[in-house]
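Colleague: Let me give you the structure first, and then I'll get to my questions.
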Amino acid sequence: MRKNIIAGNWKMNKNLSEAKELIKGIKEGVLLEKINNTRIIVAPSFVNLLSVVKVTEESIIEVAAQNVHELNSGAFTGEVSANMLSGIGVKSVIVGHSERRSIYAESNELLAKKIDGALANKMEVIFCFGESLEDRTLGKQFQVIEEQLKSSLFHLPEEVFASIILAYEPVWAIGTGETATPEQAQEMHLYIRNLLKKNYNEKLSDNISILYGGSVKPSNAKEIFSKPDVDGGLIGGASLNSSDFLKIIESI
Ligand code: 13P
């Protein structure tokens, strides 16, 4: 049975002392009896990963990176490999965030290589994808999502999907305050699950967690998470404040 997951993507926020304060606030506030078998993941920036890993040792909070290079080593100034991340105890990595796709021109093909590299290092991948406002206005959202999944993910063998989490993040809802309605999220999540059923099988599509991301806040989280194919959220802005993040965790 698939798990519920709440993940916080801290993006390029928090220096070391702020990151420590945030993770301590989350750790102290997580009440096991209230989290309902939910995984909690936080994704700080590279420089703060090791400190956050140390604070979360022996807690249920897991730590993910926000990006990874596709290769294990080499002359790639400024890059970080999966081998380095797993070496400091980071078990998951976000791949394909729309900000990486649009600002750093990461293509579906490059993302496929990043996924392969992370999986080869036994890391779990939180794979993000989502349509732009223009795609949705033109009614192309399903076509765009299918293309993103096909070209980055569907080359993978069935057995590695136990290490994949999907995060549907419509670009028009990220950081804009505009959220997909719970019905729009459910419609897309069901479409994704059906795609997985068609390309793989029902068991795989039933077992994979599909998160929604885009302006999730304490005030709208419960309604979005109540939809049957929404298994949690990837939270940006509201994950930077422990009290908001804890409220979102409790609403699942
Ligand atoms: P916001 O929650 O700030 O809209 O960001 C969503 C996101 O991009 C998470 O990866």
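As shown in the structure tokens, the chain order sets the letters A, B, ...; within each chain, residues go from 1, and ligands are also counted from 1 in the order they appear.
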Could you list the protein, DNA and RNA residues that have any atom within 8 Å of ligand 1, counting only C-alpha atoms and all ligand atoms, and write them as a VMD selection string?
Modeller: chain A and resid 8 to 9 11 97 to 99 128 169 173 to 177 179 213 to 217 234 to 239
Colleague: If you run DSSP on this backbone, which residues of segment 79-187 of chain A come out as strand (DSSP E), and could you give them as a PDB file with all heavy atoms, in the first residue's frame?
Modeller:
ATOM      1  N   SER A  92      17.391  10.631  -0.547  1.00  0.00           N
ATOM      2  CA  SER A  92      16.486  10.961  -1.655  1.00  0.00           C
ATOM      3  C   SER A  92      16.946  12.238  -2.340  1.00  0.00           C
ATOM      4  O   SER A  92      17.660  13.043  -1.744  1.00  0.00           O
ATOM      5  CB  SER A  92      15.052  11.204  -1.142  1.00  0.00           C
ATOM      6  OG  SER A  92      14.675  10.245  -0.206  1.00  0.00           O
ATOM      7  N   VAL A  93      16.474  12.426  -3.564  1.00  0.00           N
ATOM      8  CA  VAL A  93      16.807  13.664  -4.275  1.00  0.00           C
ATOM      9  C   VAL A  93      15.634  14.091  -5.159  1.00  0.00           C
ATOM     10  O   VAL A  93      14.954  13.251  -5.758  1.00  0.00           O
ATOM     11  CB  VAL A  93      18.100  13.505  -5.101  1.00  0.00           C
ATOM     12  CG1 VAL A  93      17.995  12.397  -6.149  1.00  0.00           C
ATOM     13  CG2 VAL A  93      18.478  14.818  -5.775  1.00  0.00           C
ATOM     14  N   ILE A  94      15.393  15.399  -5.174  1.00  0.00           N
ATOM     15  CA  ILE A  94      14.382  15.967  -6.062  1.00  0.00           C
ATOM     16  C   ILE A  94      15.004  16.109  -7.454  1.00  0.00           C
ATOM     17  O   ILE A  94      16.096  16.656  -7.590  1.00  0.00           O
ATOM     18  CB  ILE A  94      13.919  17.358  -5.554  1.00  0.00           C
ATOM     19  CG1 ILE A  94      13.252  17.244  -4.182  1.00  0.00           C
ATOM     20  CG2 ILE A  94      12.982  18.018  -6.562  1.00  0.00           C
ATOM     21  CD1 ILE A  94      12.915  18.597  -3.532  1.00  0.00           C
ATOM     22  N   VAL A  95      14.316  15.615  -8.465  1.00  0.00           N
ATOM     23  CA  VAL A  95      14.793  15.747  -9.847  1.00  0.00           C
ATOM     24  C   VAL A  95      13.650  16.318 -10.680  1.00  0.00           C
ATOM     25  O   VAL A  95      12.497  15.896 -10.534  1.00  0.00           O
ATOM     26  CB  VAL A  95      15.234  14.372 -10.408  1.00  0.00           C
ATOM     27  CG1 VAL A  95      15.558  14.466 -11.901  1.00  0.00           C
ATOM     28  CG2 VAL A  95      16.440  13.825  -9.648  1.00  0.00           C
ATOM     29  N   GLU A 124      16.605   7.364  -3.608  1.00  0.00           N
ATOM     30  CA  GLU A 124      15.210   7.491  -4.010  1.00  0.00           C
ATOM     31  C   GLU A 124      15.061   8.812  -4.778  1.00  0.00           C
ATOM     32  O   GLU A 124      15.713   9.797  -4.436  1.00  0.00           O
ATOM     33  CB  GLU A 124      14.365   7.520  -2.748  1.00  0.00           C
ATOM     34  CG  GLU A 124      12.890   7.689  -2.966  1.00  0.00           C
ATOM     35  CD  GLU A 124      12.158   7.732  -1.628  1.00  0.00           C
ATOM     36  OE1 GLU A 124      12.495   8.597  -0.784  1.00  0.00           O
ATOM     37  OE2 GLU A 124      11.270   6.918  -1.429  1.00  0.00           O
ATOM     38  N   VAL A 125      14.181   8.829  -5.771  1.00  0.00           N
ATOM     39  CA  VAL A 125      13.998  10.030  -6.588  1.00  0.00           C
ATOM     40  C   VAL A 125      12.589  10.597  -6.377  1.00  0.00           C
ATOM     41  O   VAL A 125      11.598   9.858  -6.449  1.00  0.00           O
ATOM     42  CB  VAL A 125      14.197   9.694  -8.086  1.00  0.00           C
ATOM     43  CG1 VAL A 125      13.802  10.878  -8.965  1.00  0.00           C
ATOM     44  CG2 VAL A 125      15.642   9.294  -8.353  1.00  0.00           C
ATOM     45  N   ILE A 126      12.535  11.892  -6.106  1.00  0.00           N
ATOM     46  CA  ILE A 126      11.242  12.592  -6.081  1.00  0.00           C
ATOM     47  C   ILE A 126      11.169  13.321  -7.413  1.00  0.00           C
ATOM     48  O   ILE A 126      11.845  14.340  -7.615  1.00  0.00           O
ATOM     49  CB  ILE A 126      11.173  13.590  -4.906  1.00  0.00           C
ATOM     50  CG1 ILE A 126      11.425  12.866  -3.575  1.00  0.00           C
ATOM     51  CG2 ILE A 126       9.823  14.321  -4.894  1.00  0.00           C
ATOM     52  CD1 ILE A 126      11.634  13.799  -2.380  1.00  0.00           C
ATOM     53  N   PHE A 127      10.420  12.767  -8.350  1.00  0.00           N
ATOM     54  CA  PHE A 127      10.432  13.300  -9.714  1.00  0.00           C
ATOM     55  C   PHE A 127       9.286  14.296  -9.904  1.00  0.00           C
ATOM     56  O   PHE A 127       8.112  13.957  -9.742  1.00  0.00           O
ATOM     57  CB  PHE A 127      10.312  12.160 -10.730  1.00  0.00           C
ATOM     58  CG  PHE A 127      10.313  12.653 -12.149  1.00  0.00           C
ATOM     59  CD1 PHE A 127      11.415  13.331 -12.658  1.00  0.00           C
ATOM     60  CD2 PHE A 127       9.214  12.465 -12.971  1.00  0.00           C
ATOM     61  CE1 PHE A 127      11.418  13.803 -13.958  1.00  0.00           C
ATOM     62  CE2 PHE A 127       9.212  12.941 -14.278  1.00  0.00           C
ATOM     63  CZ  PHE A 127      10.319  13.611 -14.773  1.00  0.00           C
ATOM     64  N   CYS A 128       9.656  15.542 -10.236  1.00  0.00           N
ATOM     65  CA  CYS A 128       8.668  16.612 -10.407  1.00  0.00           C
ATOM     66  C   CYS A 128       8.371  16.855 -11.881  1.00  0.00           C
ATOM     67  O   CYS A 128       9.271  16.774 -12.725  1.00  0.00           O
ATOM     68  CB  CYS A 128       9.191  17.927  -9.843  1.00  0.00           C
ATOM     69  SG  CYS A 128       9.655  17.871  -8.129  1.00  0.00           S
ATOM     70  N   PHE A 129       7.160  17.217 -12.145  1.00  0.00           N
ATOM     71  CA  PHE A 129       6.739  17.521 -13.515  1.00  0.00           C
ATOM     72  C   PHE A 129       5.450  18.335 -13.408  1.00  0.00           C
ATOM     73  O   PHE A 129       4.794  18.343 -12.363  1.00  0.00           O
ATOM     74  CB  PHE A 129       6.500  16.225 -14.320  1.00  0.00           C
ATOM     75  CG  PHE A 129       5.603  15.269 -13.593  1.00  0.00           C
ATOM     76  CD1 PHE A 129       4.238  15.268 -13.832  1.00  0.00           C
ATOM     77  CD2 PHE A 129       6.114  14.435 -12.621  1.00  0.00           C
ATOM     78  CE1 PHE A 129       3.397  14.433 -13.119  1.00  0.00           C
ATOM     79  CE2 PHE A 129       5.273  13.586 -11.899  1.00  0.00           C
ATOM     80  CZ  PHE A 129       3.910  13.595 -12.143  1.00  0.00           C
ATOM     81  N   ILE A 164      10.759   5.481  -6.485  1.00  0.00           N
ATOM     82  CA  ILE A 164      10.323   6.711  -7.162  1.00  0.00           C
ATOM     83  C   ILE A 164       9.084   7.266  -6.458  1.00  0.00           C
ATOM     84  O   ILE A 164       8.125   6.531  -6.177  1.00  0.00           O
ATOM     85  CB  ILE A 164       9.936   6.431  -8.650  1.00  0.00           C
ATOM     86  CG1 ILE A 164      11.072   5.745  -9.410  1.00  0.00           C
ATOM     87  CG2 ILE A 164       9.465   7.721  -9.331  1.00  0.00           C
ATOM     88  CD1 ILE A 164      12.131   6.627  -9.976  1.00  0.00           C
ATOM     89  N   ILE A 165       9.129   8.577  -6.201  1.00  0.00           N
ATOM     90  CA  ILE A 165       7.955   9.310  -5.729  1.00  0.00           C
ATOM     91  C   ILE A 165       7.641  10.307  -6.836  1.00  0.00           C
ATOM     92  O   ILE A 165       8.561  10.935  -7.372  1.00  0.00           O
ATOM     93  CB  ILE A 165       8.277  10.087  -4.430  1.00  0.00           C
ATOM     94  CG1 ILE A 165       8.689   9.135  -3.301  1.00  0.00           C
ATOM     95  CG2 ILE A 165       7.096  10.963  -4.003  1.00  0.00           C
ATOM     96  CD1 ILE A 165       9.323   9.856  -2.100  1.00  0.00           C
ATOM     97  N   LEU A 166       6.388  10.470  -7.183  1.00  0.00           N
ATOM     98  CA  LEU A 166       6.029  11.442  -8.214  1.00  0.00           C
ATOM     99  C   LEU A 166       5.488  12.705  -7.554  1.00  0.00           C
ATOM    100  O   LEU A 166       4.800  12.635  -6.535  1.00  0.00           O
ATOM    101  CB  LEU A 166       4.976  10.858  -9.153  1.00  0.00           C
ATOM    102  CG  LEU A 166       5.413   9.622  -9.951  1.00  0.00           C
ATOM    103  CD1 LEU A 166       4.279   9.145 -10.848  1.00  0.00           C
ATOM    104  CD2 LEU A 166       6.655   9.913 -10.779  1.00  0.00           C
ATOM    105  N   ALA A 167       5.809  13.857  -8.126  1.00  0.00           N
ATOM    106  CA  ALA A 167       5.277  15.121  -7.604  1.00  0.00           C
ATOM    107  C   ALA A 167       4.737  15.942  -8.773  1.00  0.00           C
ATOM    108  O   ALA A 167       5.517  16.470  -9.584  1.00  0.00           O
ATOM    109  CB  ALA A 167       6.355  15.888  -6.855  1.00  0.00           C
ATOM    110  N   TYR A 168       3.419  15.998  -8.846  1.00  0.00           N
ATOM    111  CA  TYR A 168       2.774  16.827  -9.875  1.00  0.00           C
ATOM    112  C   TYR A 168       2.722  18.262  -9.371  1.00  0.00           C
ATOM    113  O   TYR A 168       2.077  18.548  -8.356  1.00  0.00           O
ATOM    114  CB  TYR A 168       1.362  16.304 -10.164  1.00  0.00           C
ATOM    115  CG  TYR A 168       0.532  17.270 -10.990  1.00  0.00           C
ATOM    116  CD1 TYR A 168       0.973  17.683 -12.248  1.00  0.00           C
ATOM    117  CD2 TYR A 168      -0.671  17.783 -10.504  1.00  0.00           C
ATOM    118  CE1 TYR A 168       0.235  18.591 -13.001  1.00  0.00           C
ATOM    119  CE2 TYR A 168      -1.424  18.683 -11.254  1.00  0.00           C
ATOM    120  CZ  TYR A 168      -0.963  19.092 -12.497  1.00  0.00           C
ATOM    121  OH  TYR A 168      -1.685  19.993 -13.240  1.00  0.00           O
TER     122      TYR A 168
END
Colleague: Enter the distance from atom CA of Thr181 of chain A to atom CA of Leu138 of chain A, in Å, rounded to one decimal.
Modeller: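 Separation of atom CA of Thr181 of chain A and atom CA of Leu138 of chain A: 18.1 Å.
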Colleague: Could you pull the residues within 12 Å of Leu133 of chain A, counting only C-alpha atoms, minus those fewer than 3 positions along the same chain, as a tab-separated table (two decimals) with C-alpha atoms, in the first residue's frame?
Modeller:
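Generated output (selection.tsv):
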chain	number	residue	atom	x	y	z
A	130	GLY	CA	3.86	19.81	-14.43
A	136	ARG	CA	-3.30	24.46	-19.54
A	137	THR	CA	-4.92	27.37	-21.34
A	138	LEU	CA	-4.45	25.49	-24.60
A	139	GLY	CA	-5.87	22.32	-23.04
A	140	LYS	CA	-2.54	20.53	-23.52
A	141	GLN	CA	-1.89	19.61	-19.88
A	144	VAL	CA	2.56	17.60	-21.66
A	169	GLU	CA	3.48	20.55	-9.67
A	170	PRO	CA	1.56	22.69	-12.15
A	171	VAL	CA	3.95	25.55	-12.91
A	172	TRP	CA	1.17	28.13	-12.73
A	173	ALA	CA	0.51	27.20	-9.09
A	174	ILE	CA	4.11	27.37	-7.81
A	176	THR	CA	1.87	32.20	-7.10
A	178	GLU	CA	-2.90	30.12	-6.93
A	180	ALA	CA	-5.01	23.84	-8.41
Colleague: Quick one: everything within 10 Å of segment 74-80 of chain A, counting only C-alpha atoms, minus sequence neighbours fewer than 5 positions away in the same chain. Send it as a PyMOL selection string.
Modeller: chain A and resi 46+65+67-69+85
Colleague: From the options A:Asn199, A:Thr38, A:Gln66, A:Ser17, which residue's atoms come nearest to Val52 of chain A, counting only C-alpha atoms?
Modeller: A:Ser17
Colleague: Kindly give the distance, in Å, that separates atom CA of His189 of chain A and atom CA of Ala82 of chain A, rounded to a single decimal.
Modeller: 28.3 Å
Colleague: Got a sec: who's within 7 Å of segment 218-233 of chain A, counting only C-alpha atoms, leaving out chain neighbours fewer than 6 positions off, as a PDB file with C-alpha atoms, in the first residue's frame?
Modeller:
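Result file is selection_5.pdb:
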ATOM      1  CA  LYS A   3       2.442   5.847   1.801  1.00  0.00           C
ATOM      2  CA  ASN A   4       1.418   9.412   2.442  1.00  0.00           C
ATOM      3  CA  ILE A   5       4.343  11.801   2.202  1.00  0.00           C
ATOM      4  CA  ILE A   6       4.795  15.450   3.113  1.00  0.00           C
ATOM      5  CA  ALA A   7       7.995  16.919   1.709  1.00  0.00           C
ATOM      6  CA  PRO A 182      -8.680  19.686  -5.343  1.00  0.00           C
ATOM      7  CA  GLN A 186      -7.385  14.650  -8.445  1.00  0.00           C
ATOM      8  CA  HIS A 189      -3.303  12.365 -10.382  1.00  0.00           C
ATOM      9  CA  LEU A 190      -5.817   9.833 -11.658  1.00  0.00           C
ATOM     10  CA  SER A 209       2.912   7.876  -4.093  1.00  0.00           C
ATOM     11  CA  ILE A 210       1.853  10.907  -6.129  1.00  0.00           C
ATOM     12  CA  LEU A 211       2.294  14.249  -4.361  1.00  0.00           C
ATOM     13  CA  TYR A 212       0.736  17.559  -5.311  1.00  0.00           C
ATOM     14  CA  ASP A 244       2.881  26.010   9.000  1.00  0.00           C
ATOM     15  CA  LYS A 247      -0.031  22.071  10.399  1.00  0.00           C
ATOM     16  CA  ILE A 248       0.229  20.731   6.846  1.00  0.00           C
ATOM     17  CA  SER A 251      -3.803  17.782   7.939  1.00  0.00           C
ATOM     18  CA  ILE A 252      -3.077  14.567   6.059  1.00  0.00           C
TER      19      ILE A 252
END
Colleague: Output as a PyMOL selection string all residues of segment 70-230 of chain A that backbone DSSP marks as helix (DSSP H, G or I).
Modeller: chain A and resi 82-87+98-103+108-120+133-137+141-152+158-163+171-173+182-199+202-207+218-225
Colleague: Contacts of segment 194-198 of chain A at 10 Å or less, counting only C-alpha atoms, minus same-chain residues fewer than 6 places along, as a PyMOL selection string?
Modeller: chain A and resi 145-146+149-150+154+188+204-206+208
Colleague: Which of these, A:Glu250, A:Glu62, A:Asp116, A:Glu33, has the shortest distance to Lys91 of chain A once you count only C-alpha atoms?
Modeller: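 Distance minimum relative to Lys91 of chain A lands on A:Glu62.
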Colleague: Could you check the closest approach to Asn108 of chain A for each of A:Ser132, A:Asn201, A:Gln148, A:Ser86 and tell me which residue wins, using only C-alpha atoms?
Modeller: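 Selected residue with least distance to Asn108 of chain A: A:Gln148.
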Colleague: Could you pull the residues within 10 Å of Pro44 of chain A, counting only C-alpha atoms, minus those fewer than 3 positions along the same chain, as a PyMOL selection string?
Modeller: chain A and resi 8-16+19+23+41+47-53+63-66+240
Colleague: For Asn37 of chain A, which residue out of A:Ala120, A:Leu111, A:Leu22, A:Ile60 is the nearest one, using only C-alpha atoms?
Modeller: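 Once distances to Asn37 of chain A are computed over only C-alpha atoms, the minimum belongs to A:Ile60.
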Colleague: Let me make sure I understand: among A:Ile192, A:His155, A:Gly96, A:Phe245, which one has the smallest atom-to-atom distance to Val42 of chain A if we use only C-alpha atoms?
Modeller: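 So, comparing all the options, the nearest one is A:Phe245.
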Colleague: Work out how far atom CA of Asn207 of chain A is from atom CA of Tyr191 of chain A, in Å to one decimal.
Modeller: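 One can read the atom CA of Tyr191 of chain A to atom CA of Asn207 of chain A distance as 15.0 Å.
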Colleague: So which one's closest to Pro157 of chain A, A:Ala112, A:Ala118, A:Phe142, A:Tyr200? Using only C-alpha atoms, please.
Modeller: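 When distances to Pro157 of chain A are compared using only C-alpha atoms, the smallest one comes from A:Tyr200.
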